[in-house]
Number of protein chains: 2
Amino acid sequence: MKTNHNYSKIKESYLFAEVAQRTSKYAAEHPDAKIIKMGIGDVTLPLCKAVVDAMHAAVSEMGVKETFKGYGEYRGYDFLCESIVGYYKKFGVELDTEEVFVSDGAKSDLGNILDLFDEDNTVLVTDPVYPVYVDTNILAGRKIIYADATEENSFLPLPDNSVHADIIYLCSPNNPTGAAYTRDQLKLWVDYAKKEGAVILLDAAYEAFITDPDVPHSAYEVAGAKECVIEICSLSKTAGFTGTRCGYTIVPKSLKFDQDLNKLWLRRQSTKFNGVSYIVQCGANAVFTEEGLKGIRENIAYYQENAKILMKALDECGIKYFGGKNSPYIWLKCPGGMGSWEFFDKLLSEANVVGTPGEGFGENGKGYLRLTSFSTHENTAEAMARLKKMLGK
Amino acid sequence: MKTNHNYSKIKESYLFAEVAQRTSKYAAEHPDAKIIKMGIGDVTLPLCKAVVDAMHAAVSEMGVKETFKGYGEYRGYDFLCESIVGYYKKFGVELDTEEVFVSDGAKSDLGNILDLFDEDNTVLVTDPVYPVYVDTNILAGRKIIYADATEENSFLPLPDNSVHADIIYLCSPNNPTGAAYTRDQLKLWVDYAKKEGAVILLDAAYEAFITDPDVPHSAYEVAGAKECVIEICSLSKTAGFTGTRCGYTIVPKSLKFDQDLNKLWLRRQSTKFNGVSYIVQCGANAVFTEEGLKGIRENIAYYQENAKILMKALDECGIKYFGGKNSPYIWLKCPGGMGSWEFFDKLLSEANVVGTPGEGFGENGKGYLRLTSFSTHENTAEAMARLKKMLGK
C-alpha cells in the first residue's frame with residue numbers, strides 16, 4: 001500500500017505546537033513566573049445561559065424513549081437551518097434552508113470542502129494565512145499561489161487581474177491580521193472570481209466581531225456573491241463553541257460550475273458524515289434566539305473591551321498595529337525592527353506574555369506578532385502594563 | 001474551477017433514500033396502514049442513565065467560567081482514550097492511549113482515513129458491501145475489486161492469494177449480512193494483508209452484538225493485526241449514539257508502511273478536524289463505566305431478543321437467513337426466488353413492513369433482504385405475525 005506522500009511536504013510541527021513548547025520550557029525554568037497567554041485564539045468565557053439550558057433540555061430528551069433522537073438530517077436539523085436563515089435575514093441576505101449545512105466546525109468544512117474540487121486547480125491564498133488553507137491543499141497536491149498582504153495594502157490584498165486562480169481563500173475579518181474587507185473591496189474579489197470562473201471560500205469565523213458598518217457580515221451582501229462564494233462560518237468565536245463544536249457552511253444553489261456544488265456537497269456529507277450531535281445542534285439553535293443573541297453579544301463585548309485595552313496600550317507604546325476593531329486579533333509590528341520569534345521570546349522572558357509570532361503565518365508575517373483579546377480584563381491590562389514597563393513607557 | 005468529476009461516477013440516489021421514497025409513497029396512498037420500519041439500522045432505545053447524567057454534568061461545566069472547556073485535544077480527551085484502552089483490555093488487547101483517536105462516528109473516519117493513502121492503490125471490498133466503502137473510493141478515484149460473499153461461503157469470503165490488494169475493507173460483524181469472522185478466519189486476512197503489504201480497515205461498529213466466543217471483539221486479538229489493521233469503531237449501535245455522534249479509531253504505532261500511519265492520522269486530524277464536543281466525549285466516557293456498560297448491555301439484550309423473535313418466525317416460515325446471532329441484522333433469502341425489490345414491495349404492500357433490499361448492497365445481495373432488530377418487541381412480533389400471514393404460515 002502506498003501512503004499519501006503529500007504528507008511529507010507539510011511541516012511536521014504546527015505553529016502553535018512550537019509556541020506551546022517554548023512557553024512550557026520557559027515555565028519549567030521559571031516556576032514562579034505568572035505567564036499570561038494571548039497566543040492561541042481560544043475563548044475563555046462560558047457558554048451563555050440560553051445555550052446551556054437548551055443543551056440540558058436536549059440531553060434529557062435523549063434519555064427518554066418518546067423524545068430520543070437517532071440519526072438526524074445529513075444537512076442538519078431543519079430547526080437550526082431555519083434559525084441560520086433567519087440570522088442572515090438581519091444582514092439583508094435571503095437563503096434557502098437547503099443552502100445551509102450544519103458542521104462540527106469551520107476547520108472541518110474548510111478541509112472537507114476540497115473533496116468537491118479537482119486536484120488540477122490553482123489555489124490562491126493571502127499571505128499571512130491561516131495554515132489550514134495551505135496544508136489541506138498541499139495534502140491534496142494542488143498548486144498554491146500567494147497574494148501579498150502587507151502594511152502597504154493594510155493587509156487587505158485586492159485581486160491581480162494578470163493572475164489566474166480557481167479556488168480563492170479569503171478570511172475576513174482576517175486571521176491573523178484582524179483586517180476586514182469592506183463591501184466595495186469584497187465586490188472586487190467577487191468580480192474577479194466570476195471573471196476567472198473561480199470559487200471563493202470565505203472564512204467568516206470572526207463575523208460577530210465586526211463593528212464597522214462598511215464591513216459586510218456575509219459575502220452575500222455583495223452582488224454576484226451567490227454565483228461564486230461558499231461561506232464557511234463557525235460558532236467557536238461567535239458563541240464560545242471552541243469545545244462544543246458547531247459551525248455551518250453556506251453553499252448557494254446558484255453556484256453553477258461544471259457541476260452543481262450544492263448537490264455535490266450534500267452528496268459528500270451524506271457519504272462521509274453523519275451530522276452533528278442533536279444536543280449540540282440544540283445548543284447552536286439557542287444562539288440564534290433573542291436571549292441567545294443577547295448572551296453572546298455580552299461575551300463578545302467583553303472581548304472587544306480587551307481589544308480596546310490592547311490598542312490603547314500599543315498606542316501609548318508607539319507600536320503600530322492592525323485589527324482589533326472588527327476582530328478579536330491585534331496584529332502588531334514588532335518594535336525596534338525585531339523579528340517575530342525574537343519579539344516573542346523577549347515578550348515571554350521579560351514580560352511573561354505569550355503571543356503568536358507572525359512569521360508562523362507566512363513570509364509577510366515576519367516582524368509581526370498576533371495578540372488575542374480572549375483573556376480576562378485583568379490579565380489583558382496586566383499584560384499591557386508589563387509590555388509598557390518592558391519598553392520603558 | 002474544475003470540480004471533482006468522480007462525483008458523476010457514483011449513484012445520485014442513496015439506497016436508503018429510495019427505500020424512504022417507496023415507503024412514503026405507499027404511506028401517502030394508504031394513510032391507515034400501520035407501517036413497521038425494519039429497514040434503516042437506527043436504534044430506538046434512549047441513552048442509558050449514566051450517559052445522560054454525564055452529559056448533564058458536562059453541559060453544566062460548560063456554563064461556568066471555572067470549568068468551561070475550549071479547544072480539546074485533537075486525538076480526544078485523555079480520560080476517554082484511557083477508558084477505551086481499558087475497554088480493550090477486557091479482550092486481552094493492550095493499546096497505548098496515543099493509538100486511540102476519538103471521532104464523531106465511524107462513517108466520518110471510514111471516509112477520512114482515505115486521506116492517508118495514495119490514489120494509486122487497489123481497494124478490496126466484499127460484495128454485498130456497506131455503500132460508503134465503495135463511494136468514498138470512487139470519489140478518490142481508486143480501483144476497486146470485489147470479493148464475493150455468497151451463501152456458499154456463508155457470506156464470509158476468505159482471501160484469494162492470486163489477487164493483489166492494497167486497502168482491504170472488512171466489516172465484522174457484517175453490515176448487511178450479519179455474518180462474523182472467527183479469530184481463525186480473520187487470521188487468514190491478517191496473513192494475506194501482511195503478505196500483500198496491505199492495510200485492513202476493519203469496521204467494528206457492531207462489535208457489541210457478538211455472542212459467539214470464537215468471534216473476536218477486536219482484530220487485535222489476532223496475532224499480527226497490529227502491523228496491518230486500522231480498527232474503526234462506533235458507539236452508534238453499542239450505546240445508542242446514532243444521534244449523539246461519537247466513535248473511535250485505533251491506529252497502532254506499529255503500522256509501519258512507507259510512512260508511520262499513526263503520525264499521519266494525527267497530522268490529518270490536527271489539520272482537518274478540531275475534535276469531538278467535550279459534552280459528547282463525557283457521555284462517551286460514561287459508556288465505559290460499570291454503570292454505563294450495564295446500561296448499554298441491557299439495551300443490546302433488548303435488541304438481541306428482537307433478533308430471536310425474527311429468527312424464530314423465519315424458521316417457522318422456512319425462510320433461510322444469515323446473521324442475527326452476532327449482529328442486529330438478519331439477512332434473509334427472499335422466499336420463492338423473489339428479487340430484492342420485488343420482495344421489498346410485497347412486504348411493504350401486503351404486510352406493511354419495511355426492510356432493506358439486499359441488492360442495494362451489491363450484486364450478491366440480489367434475492368436477499370435485510371431486517372434490523374432495532375424496533376420494539378411489540379412491533380417486531382407484529383411484523384413477523386404479518387409476514388407469516390402473508391406467506392400463509
# chains A, B, ... in the order shown; residues from 1 in each chain; ligands from 1
call {"tool": "closest_atom_pairs", "arguments": {"of": "region 296-333 of chain A", "to": "region 176-182 of chain A", "cutoff": "8 Å", "atoms": "only C-alpha atoms", "output": "tab-separated table"}}
result
residue	atom	partner	partner_atom	distance
A:Phe322	CA	A:Thr177	CA	6.4
A:Gly323	CA	A:Gly178	CA	3.8
A:Gly324	CA	A:Gly178	CA	6.2
A:Lys325	CA	A:Gly178	CA	7.9
A:Asn326	CA	A:Ala180	CA	6.8
A:Ser327	CA	A:Gly178	CA	5.1
A:Pro328	CA	A:Gly178	CA	7.1
A:Tyr329	CA	A:Gly178	CA	5.2
A:Ile330	CA	A:Gly178	CA	6.2
A:Trp331	CA	A:Thr177	CA	5.0
call {"tool": "write_last_selection", "arguments": {"atoms": "N, CA, C and O atoms", "output": "PDB file, in the first residue's frame"}}
result
ATOM      1  N   PHE A 322      -2.553  46.459  13.473  1.00  0.00           N
ATOM      2  CA  PHE A 322      -3.734  46.338  12.619  1.00  0.00           C
ATOM      3  C   PHE A 322      -4.748  45.474  13.376  1.00  0.00           C
ATOM      4  O   PHE A 322      -4.414  44.800  14.341  1.00  0.00           O
ATOM      5  N   GLY A 323      -6.009  45.489  12.909  1.00  0.00           N
ATOM      6  CA  GLY A 323      -7.039  44.674  13.544  1.00  0.00           C
ATOM      7  C   GLY A 323      -7.566  45.286  14.818  1.00  0.00           C
ATOM      8  O   GLY A 323      -7.351  46.472  15.073  1.00  0.00           O
ATOM      9  N   GLY A 324      -8.264  44.468  15.607  1.00  0.00           N
ATOM     10  CA  GLY A 324      -8.806  44.955  16.872  1.00  0.00           C
ATOM     11  C   GLY A 324     -10.189  45.558  16.751  1.00  0.00           C
ATOM     12  O   GLY A 324     -11.039  45.316  17.593  1.00  0.00           O
ATOM     13  N   LYS A 325     -10.424  46.304  15.666  1.00  0.00           N
ATOM     14  CA  LYS A 325     -11.721  46.976  15.516  1.00  0.00           C
ATOM     15  C   LYS A 325     -12.839  46.032  15.100  1.00  0.00           C
ATOM     16  O   LYS A 325     -13.945  46.076  15.634  1.00  0.00           O
ATOM     17  N   ASN A 326     -12.549  45.151  14.138  1.00  0.00           N
ATOM     18  CA  ASN A 326     -13.561  44.203  13.641  1.00  0.00           C
ATOM     19  C   ASN A 326     -13.149  42.765  13.902  1.00  0.00           C
ATOM     20  O   ASN A 326     -13.582  41.846  13.206  1.00  0.00           O
ATOM     21  N   SER A 327     -12.299  42.589  14.879  1.00  0.00           N
ATOM     22  CA  SER A 327     -11.665  41.294  15.077  1.00  0.00           C
ATOM     23  C   SER A 327     -11.160  41.119  16.500  1.00  0.00           C
ATOM     24  O   SER A 327     -10.820  42.110  17.156  1.00  0.00           O
ATOM     25  N   PRO A 328     -11.109  39.886  16.993  1.00  0.00           N
ATOM     26  CA  PRO A 328     -10.528  39.641  18.317  1.00  0.00           C
ATOM     27  C   PRO A 328      -8.993  39.654  18.277  1.00  0.00           C
ATOM     28  O   PRO A 328      -8.351  39.492  19.306  1.00  0.00           O
ATOM     29  N   TYR A 329      -8.434  39.808  17.077  1.00  0.00           N
ATOM     30  CA  TYR A 329      -6.983  39.766  16.932  1.00  0.00           C
ATOM     31  C   TYR A 329      -6.374  41.143  16.726  1.00  0.00           C
ATOM     32  O   TYR A 329      -6.927  41.987  16.028  1.00  0.00           O
ATOM     33  N   ILE A 330      -5.207  41.318  17.347  1.00  0.00           N
ATOM     34  CA  ILE A 330      -4.401  42.519  17.134  1.00  0.00           C
ATOM     35  C   ILE A 330      -3.093  42.054  16.508  1.00  0.00           C
ATOM     36  O   ILE A 330      -2.434  41.148  17.027  1.00  0.00           O
ATOM     37  N   TRP A 331      -2.774  42.649  15.385  1.00  0.00           N
ATOM     38  CA  TRP A 331      -1.587  42.265  14.608  1.00  0.00           C
ATOM     39  C   TRP A 331      -0.595  43.411  14.725  1.00  0.00           C
ATOM     40  O   TRP A 331      -0.783  44.460  14.132  1.00  0.00           O
TER      41      TRP A 331
END
call {"tool": "residues_around", "arguments": {"residues": "Pro128 (chain B)", "least_positions_apart": "2", "cutoff": "12 Å", "atoms": "only C-alpha atoms", "output": "ChimeraX atom specification"}}
result
/B:125-126,130-134,146-151,155-157,169-171,174-179,331,357-370
call {"tool": "residues_around", "arguments": {"residues": "Cys233 (chain A)", "least_positions_apart": "2", "cutoff": "7 Å", "atoms": "only C-alpha atoms", "output": "list in words"}}
result
Ala106, Asp203, Ala204, Ala205, Glu231, Gly247, Tyr248 and Thr249 of chain A
call {"tool": "write_last_selection", "arguments": {"atoms": "C-alpha atoms", "output": "PDB file, in the first residue's frame"}}
result
ATOM      1  CA  ALA A 106     -15.316  25.679  10.208  1.00  0.00           C
ATOM      2  CA  ASP A 203     -13.903  32.011   6.118  1.00  0.00           C
ATOM      3  CA  ALA A 204     -16.304  34.126   8.170  1.00  0.00           C
ATOM      4  CA  ALA A 205     -15.391  32.705  11.575  1.00  0.00           C
ATOM      5  CA  GLU A 231     -19.209  30.927   3.089  1.00  0.00           C
ATOM      6  CA  GLY A 247     -20.423  25.645  12.594  1.00  0.00           C
ATOM      7  CA  TYR A 248     -22.252  25.993   9.308  1.00  0.00           C
ATOM      8  CA  THR A 249     -21.398  26.332   5.660  1.00  0.00           C
TER       9      THR A 249
END
call {"tool": "residues_around", "arguments": {"residues": "region 25-35 of chain A", "least_positions_apart": "4", "cutoff": "8 Å", "atoms": "only C-alpha atoms", "output": "number ranges by chain"}}
result
A: 21, 348-349, 352-354
call {"tool": "closest_residue", "arguments": {"among": "B:Ala58, B:Ala225, B:Met384, B:Val251", "to": "chain A", "atoms": "only C-alpha atoms"}}
result
B:Ala58
call {"tool": "residues_around", "arguments": {"residues": "Thr122 (chain A)", "least_positions_apart": "2", "cutoff": "12 Å", "atoms": "only C-alpha atoms", "output": "list in words"}}
result
Phe117, Asp118, Glu119, Asp120, Leu124, Val125, Val134, Asn137, Ile138, Ala140, Gly141, Arg142, Lys143, Ile144, Ile145, Tyr146, Val163, His164, Ala165, Asp166, Ile167, Ile168, Tyr169, Glu196, Gly197, Ala198 and Val199 of chain A; Met1 and Lys2 of chain B
call {"tool": "write_last_selection", "arguments": {"atoms": "N, CA, C and O atoms", "output": "short mmCIF file (atom, residue, chain, number, x, y, z; two decimals), in the first residue's frame"}}
result
data_model
loop_
_atom_site.label_atom_id
_atom_site.label_comp_id
_atom_site.auth_asym_id
_atom_site.auth_seq_id
_atom_site.Cartn_x
_atom_site.Cartn_y
_atom_site.Cartn_z
N PHE A 117 -13.48 19.49 -5.35
CA PHE A 117 -12.72 20.09 -6.44
C PHE A 117 -11.66 19.15 -6.99
O PHE A 117 -11.09 18.35 -6.26
N ASP A 118 -11.42 19.30 -8.30
CA ASP A 118 -10.39 18.52 -8.96
C ASP A 118 -9.02 18.90 -8.39
O ASP A 118 -8.82 20.03 -7.92
N GLU A 119 -8.09 17.94 -8.44
CA GLU A 119 -6.73 18.22 -7.95
C GLU A 119 -6.08 19.32 -8.79
O GLU A 119 -5.32 20.14 -8.29
N ASP A 120 -6.45 19.33 -10.07
CA ASP A 120 -5.83 20.26 -11.01
C ASP A 120 -6.53 21.63 -10.99
O ASP A 120 -7.18 22.04 -11.96
N LEU A 124 -5.47 30.16 -4.61
CA LEU A 124 -4.92 31.46 -4.22
C LEU A 124 -5.21 31.71 -2.74
O LEU A 124 -6.36 31.63 -2.31
N VAL A 125 -4.15 31.95 -1.98
CA VAL A 125 -4.32 32.33 -0.57
C VAL A 125 -3.59 33.64 -0.33
O VAL A 125 -2.67 33.99 -1.07
N VAL A 134 -3.42 26.24 3.53
CA VAL A 134 -2.24 25.79 2.77
C VAL A 134 -2.04 24.29 2.93
O VAL A 134 -1.95 23.56 1.94
N ASN A 137 -4.41 21.91 1.09
CA ASN A 137 -4.21 21.87 -0.36
C ASN A 137 -2.90 21.20 -0.75
O ASN A 137 -2.82 20.56 -1.80
N ILE A 138 -1.88 21.33 0.09
CA ILE A 138 -0.64 20.58 -0.16
C ILE A 138 -0.95 19.09 -0.07
O ILE A 138 -0.54 18.30 -0.93
N ALA A 140 -3.63 17.68 -0.75
CA ALA A 140 -4.42 17.30 -1.93
C ALA A 140 -3.61 17.45 -3.22
O ALA A 140 -4.11 17.14 -4.30
N GLY A 141 -2.37 17.93 -3.08
CA GLY A 141 -1.49 18.02 -4.25
C GLY A 141 -1.80 19.18 -5.18
O GLY A 141 -1.49 19.12 -6.37
N ARG A 142 -2.38 20.26 -4.67
CA ARG A 142 -2.72 21.39 -5.54
C ARG A 142 -1.62 22.46 -5.56
O ARG A 142 -0.87 22.62 -4.60
N LYS A 143 -1.59 23.20 -6.68
CA LYS A 143 -0.66 24.33 -6.82
C LYS A 143 -1.23 25.52 -6.03
O LYS A 143 -2.42 25.82 -6.12
N ILE A 144 -0.38 26.15 -5.24
CA ILE A 144 -0.81 27.28 -4.41
C ILE A 144 -0.04 28.54 -4.81
O ILE A 144 1.17 28.51 -4.99
N ILE A 145 -0.79 29.63 -5.02
CA ILE A 145 -0.14 30.92 -5.26
C ILE A 145 -0.56 31.88 -4.15
O ILE A 145 -1.60 31.68 -3.51
N TYR A 146 0.25 32.91 -3.92
CA TYR A 146 0.04 33.79 -2.78
C TYR A 146 -0.22 35.23 -3.20
O TYR A 146 0.39 35.73 -4.15
N VAL A 163 -3.28 37.57 -12.87
CA VAL A 163 -3.04 36.24 -12.28
C VAL A 163 -4.30 35.39 -12.37
O VAL A 163 -5.41 35.89 -12.15
N HIS A 164 -4.15 34.10 -12.72
CA HIS A 164 -5.32 33.21 -12.75
C HIS A 164 -5.40 32.38 -11.47
O HIS A 164 -4.38 31.90 -10.97
N ALA A 165 -6.61 32.23 -10.95
CA ALA A 165 -6.84 31.37 -9.79
C ALA A 165 -8.16 30.65 -9.99
O ALA A 165 -9.07 31.15 -10.66
N ASP A 166 -8.28 29.44 -9.41
CA ASP A 166 -9.52 28.65 -9.49
C ASP A 166 -10.25 28.61 -8.15
O ASP A 166 -11.47 28.62 -8.09
N ILE A 167 -9.47 28.50 -7.08
CA ILE A 167 -10.02 28.42 -5.73
C ILE A 167 -9.36 29.52 -4.90
O ILE A 167 -8.13 29.57 -4.80
N ILE A 168 -10.17 30.43 -4.37
CA ILE A 168 -9.65 31.60 -3.67
C ILE A 168 -10.09 31.56 -2.21
O ILE A 168 -11.28 31.47 -1.92
N TYR A 169 -9.13 31.57 -1.30
CA TYR A 169 -9.45 31.63 0.12
C TYR A 169 -9.40 33.08 0.60
O TYR A 169 -8.39 33.76 0.41
N GLU A 196 -12.75 34.84 -13.60
CA GLU A 196 -11.84 33.69 -13.67
C GLU A 196 -12.58 32.35 -13.64
O GLU A 196 -11.97 31.30 -13.81
N GLY A 197 -13.89 32.40 -13.39
CA GLY A 197 -14.62 31.14 -13.20
C GLY A 197 -14.15 30.42 -11.95
O GLY A 197 -14.11 29.19 -11.87
N ALA A 198 -13.78 31.22 -10.95
CA ALA A 198 -13.23 30.67 -9.70
C ALA A 198 -14.29 30.63 -8.61
O ALA A 198 -15.31 31.30 -8.68
N VAL A 199 -14.03 29.80 -7.60
CA VAL A 199 -14.88 29.77 -6.40
C VAL A 199 -14.12 30.45 -5.27
O VAL A 199 -12.90 30.29 -5.15
N MET B 1 -12.75 26.91 -12.50
CA MET B 1 -12.52 25.86 -11.49
C MET B 1 -13.12 24.55 -11.96
O MET B 1 -14.24 24.53 -12.44
N LYS B 2 -12.35 23.51 -11.83
CA LYS B 2 -12.83 22.18 -12.21
C LYS B 2 -13.30 21.44 -10.96
O LYS B 2 -12.58 21.39 -9.97
#
